[in-house]
Amino acid sequence: MAGADEAGLCMARVDLERQSVDGRIHRALLGGLVTSKVQVGVSAEGQTDQLLGELDFGGATWCGNLKYGSMGGGLVYGCNYIQSITSNWVAGGEGMYISANQSLLSNYMMKYTMEAPTIETSLDKEEEKPTSTMIASYNSAQSLLCFNYKRVVTPKRVTLGAELQCQPASLESAVMVGGEFAFTRSKVGVVVDGSGRIQSTLETKLGREPGSPSLTFAAELDHGKNVMRFGYGLNIG
């Protein structure tokens with residue numbers, strides 16, 4: 001059940017099998033400068049009950065969020081802030097305290113985006129240009145340092161990416177490289193990690209109209225474990 005207008009929305013869901021009720025309320029305040037959100041979840045067991053309130057606000061070059069509520073039998077406090085330093089540089093951070101287990105979680109991120117070098121063509125100059133994006137993030141709870149690289153070779157057609165995760169304390173690391181290739185009615189994705197495992201997906205639309213069914217094939221080949229997997233799915237609606 002849901003209802004919406006220009007100022008916000010209300011939504012509720014009842015799960016008879018799990019005997020739970022979930023609800024959300026979003027409302028714009030101060031002429032749209034601030035958005036308030038309330039999320040409620042109750043169940044017969046009561047172990048996963050939660051009540052969380054949020055405030056989203058921001059300006060032309062920044063945005064922030066404040067959280068307060070109850071989750072897991074204790075209070076929750078949270079905030080995040082993202083600032084656009086220049087047209088290329090973005091930095092931000094997030095923090096949350098969960099009193100139920102007395103855990104303090106924090107994440108930090110820095111992003112750099114630039115136009116990728118390309119060969120001049122006769123295409124319209126206002127069309128989307130190829131870009132390169134680099135993101136560095138740190139998760140203090142897991143002591144995990146992560147570097148991501150994304151290269152848009154052909155906008156809306158060919159995208160390449162790489163990811164490196166490492167824990168400075170133990171020097172454990174993992175690397176992944178992949179690509180996504182979009183066609184008129186289909187999309188192909190391939191990922192290879194540092195252990196030699198190869199994963200691929202093929203998704204194709206079975207019609208040209210919006211909401212047409214889609215067929216998905218997925219495959220995985222793990223050379224180290226000598227394991228091969230294959231699956232398919234049909235999405236209607």
# chains A, B, ... in the order shown; residues from 1 in each chain; ligands from 1

$ residues_around --residues "Ala162 of chain A" --least-positions-apart "2" --cutoff "6 Å" --atoms "only C-alpha atoms" --output "ChimeraX atom specification"
/A:148-149,176-177

$ write_last_selection --atoms "N, CA and C atoms" --output "compact mmCIF listing (two decimals), in the first residue's frame"
# COMPACT_ATOMS: atom_id res chain seq x y z
N ASN A 148 39.12 1.96 -6.45
CA ASN A 148 38.30 1.61 -7.60
C ASN A 148 38.65 2.51 -8.78
N TYR A 149 38.61 1.93 -9.97
CA TYR A 149 38.85 2.68 -11.20
C TYR A 149 37.78 2.31 -12.22
N MET A 176 40.19 -7.30 -8.71
CA MET A 176 39.20 -7.70 -9.70
C MET A 176 39.25 -6.72 -10.86
N VAL A 177 39.08 -7.23 -12.08
CA VAL A 177 38.96 -6.40 -13.28
C VAL A 177 37.77 -6.91 -14.07

$ residues_around --residues "Arg208 of chain A" --least-positions-apart "6" --cutoff "12 Å" --atoms "only C-alpha atoms" --output "JSON, numbers by chain"
{"A": [184, 185, 186, 214]}

$ closest_atom_pairs --of "segment 41-122 of chain A" --to "segment 5-25 of chain A" --cutoff "12 Å" --atoms "only C-alpha atoms" --output "CSV"
residue,atom,partner,partner_atom,distance
A:Gly41,CA,A:Asp22,CA,4.4
A:Val42,CA,A:Val21,CA,5.4
A:Ser43,CA,A:Ser20,CA,4.0
A:Ala44,CA,A:Gln19,CA,5.8
A:Glu45,CA,A:Gln19,CA,8.5
A:Gly46,CA,A:Ser20,CA,9.2
A:Gln47,CA,A:Ser20,CA,11.2
A:Thr48,CA,A:Ser20,CA,9.6
A:Asp49,CA,A:Ser20,CA,9.1
A:Gln50,CA,A:Asp22,CA,9.4
A:Leu51,CA,A:Gly23,CA,9.7
A:Leu52,CA,A:Arg24,CA,9.7
A:Gly53,CA,A:Ile25,CA,9.5
A:Glu54,CA,A:Ile25,CA,10.4
A:Leu55,CA,A:Ile25,CA,11.9

$ atom_distance --atom1 "atom CA of Ala91 of chain A" --atom2 "atom CA of Lys37 of chain A"
24.3 Å

$ select_by_dssp --residues "segment 6-227 of chain A" --states "strand (DSSP E)" --output "ChimeraX atom specification"
/A:8-15,20-29,34-43,50-58,62-71,74-84,89-98,103-115,131-139,144-154,158-167,172-182,186-193,197-205,214-222,227

$ atom_distance --atom1 "atom CA of Ser143 of chain A" --atom2 "atom CA of Ser84 of chain A"
25.4 Å

$ closest_residue --among "A:Pro117, A:Gly179, A:Pro155, A:Gly92" --to "Ala136 of chain A" --atoms "only C-alpha atoms"
A:Gly92

$ residues_around --residues "segment 225-233 of chain A" --least-positions-apart "3" --cutoff "10 Å" --atoms "only C-alpha atoms" --output "VMD selection string"
chain A and resid 195 to 203 214 to 222 236

$ atom_distance --atom1 "atom CA of Asn88 of chain A" --atom2 "atom CA of Val152 of chain A"
15.5 Å

$ closest_residue --among "A:Ala116, A:Val76, A:Ile135, A:Val90" --to "Leu104 of chain A" --atoms "only C-alpha atoms"
A:Val76

$ residues_around --residues "Lys156 of chain A" --least-positions-apart "3" --cutoff "12 Å" --atoms "only C-alpha atoms" --output "list in words"
Glu127, Glu128, Lys129, Pro130, Thr131, Arg151, Val152, Val153, Thr159, Leu160, Glu180, Phe181, Ala182, Phe183, Thr184 and Lys187 of chain A

$ write_last_selection --atoms "N, CA and C atoms" --output "PDB file, in the first residue's frame"
ATOM      1  N   GLU A 127      27.270  15.775 -26.750  1.00  0.00           N
ATOM      2  CA  GLU A 127      27.038  14.406 -26.326  1.00  0.00           C
ATOM      3  C   GLU A 127      27.922  14.072 -25.133  1.00  0.00           C
ATOM      4  N   GLU A 128      27.517  13.061 -24.373  1.00  0.00           N
ATOM      5  CA  GLU A 128      28.274  12.642 -23.203  1.00  0.00           C
ATOM      6  C   GLU A 128      29.671  12.187 -23.607  1.00  0.00           C
ATOM      7  N   LYS A 129      30.678  12.668 -22.858  1.00  0.00           N
ATOM      8  CA  LYS A 129      32.065  12.367 -23.188  1.00  0.00           C
ATOM      9  C   LYS A 129      32.572  11.181 -22.354  1.00  0.00           C
ATOM     10  N   PRO A 130      33.557  10.436 -22.873  1.00  0.00           N
ATOM     11  CA  PRO A 130      34.201   9.375 -22.078  1.00  0.00           C
ATOM     12  C   PRO A 130      34.875   9.964 -20.845  1.00  0.00           C
ATOM     13  N   THR A 131      34.813   9.251 -19.736  1.00  0.00           N
ATOM     14  CA  THR A 131      35.378   9.737 -18.479  1.00  0.00           C
ATOM     15  C   THR A 131      36.168   8.625 -17.788  1.00  0.00           C
ATOM     16  N   ARG A 151      36.436   3.298 -16.183  1.00  0.00           N
ATOM     17  CA  ARG A 151      36.739   3.968 -17.453  1.00  0.00           C
ATOM     18  C   ARG A 151      35.564   3.797 -18.396  1.00  0.00           C
ATOM     19  N   VAL A 152      34.884   4.889 -18.685  1.00  0.00           N
ATOM     20  CA  VAL A 152      33.788   4.889 -19.656  1.00  0.00           C
ATOM     21  C   VAL A 152      34.417   5.081 -21.025  1.00  0.00           C
ATOM     22  N   VAL A 153      34.584   3.999 -21.775  1.00  0.00           N
ATOM     23  CA  VAL A 153      35.220   4.059 -23.087  1.00  0.00           C
ATOM     24  C   VAL A 153      34.276   4.676 -24.100  1.00  0.00           C
ATOM     25  N   THR A 159      32.084   0.025 -20.777  1.00  0.00           N
ATOM     26  CA  THR A 159      32.628   0.506 -19.519  1.00  0.00           C
ATOM     27  C   THR A 159      33.578  -0.543 -18.958  1.00  0.00           C
ATOM     28  N   LEU A 160      34.778  -0.124 -18.565  1.00  0.00           N
ATOM     29  CA  LEU A 160      35.766  -1.007 -17.965  1.00  0.00           C
ATOM     30  C   LEU A 160      36.030  -0.571 -16.528  1.00  0.00           C
ATOM     31  N   GLU A 180      31.759  -4.070 -18.956  1.00  0.00           N
ATOM     32  CA  GLU A 180      30.337  -4.188 -19.302  1.00  0.00           C
ATOM     33  C   GLU A 180      30.139  -3.636 -20.707  1.00  0.00           C
ATOM     34  N   PHE A 181      29.434  -4.399 -21.522  1.00  0.00           N
ATOM     35  CA  PHE A 181      29.230  -4.044 -22.920  1.00  0.00           C
ATOM     36  C   PHE A 181      27.733  -4.049 -23.195  1.00  0.00           C
ATOM     37  N   ALA A 182      27.187  -2.892 -23.531  1.00  0.00           N
ATOM     38  CA  ALA A 182      25.742  -2.744 -23.744  1.00  0.00           C
ATOM     39  C   ALA A 182      25.453  -2.642 -25.230  1.00  0.00           C
ATOM     40  N   PHE A 183      24.420  -3.380 -25.651  1.00  0.00           N
ATOM     41  CA  PHE A 183      23.963  -3.348 -27.028  1.00  0.00           C
ATOM     42  C   PHE A 183      22.528  -2.831 -27.061  1.00  0.00           C
ATOM     43  N   THR A 184      21.886  -2.945 -28.194  1.00  0.00           N
ATOM     44  CA  THR A 184      20.553  -2.373 -28.327  1.00  0.00           C
ATOM     45  C   THR A 184      19.557  -2.978 -27.349  1.00  0.00           C
ATOM     46  N   LYS A 187      22.975  -6.911 -22.768  1.00  0.00           N
ATOM     47  CA  LYS A 187      24.108  -6.403 -22.001  1.00  0.00           C
ATOM     48  C   LYS A 187      24.957  -7.576 -21.542  1.00  0.00           C
TER      49      LYS A 187
END

$ residues_around --residues "Ser212 of chain A" --least-positions-apart "5" --cutoff "8 Å" --atoms "only C-alpha atoms" --output "list in words"
Lys205, Leu206, Gly207, Ile236 and Gly237 of chain A

$ write_last_selection --atoms "C-alpha atoms" --output "compact mmCIF listing (two decimals), in the first residue's frame"
# COMPACT_ATOMS: atom_id res chain seq x y z
CA LYS A 205 15.30 -7.95 -23.44
CA LEU A 206 12.63 -10.06 -25.14
CA GLY A 207 10.80 -7.01 -26.45
CA ILE A 236 8.62 -10.63 -16.07
CA GLY A 237 7.23 -7.24 -15.09

$ residues_around --residues "segment 65-69 of chain A" --least-positions-apart "2" --cutoff "12 Å" --atoms "only C-alpha atoms" --output "VMD selection string"
chain A and resid 34 to 41 49 to 58 62 to 63 71 to 82 92 to 100
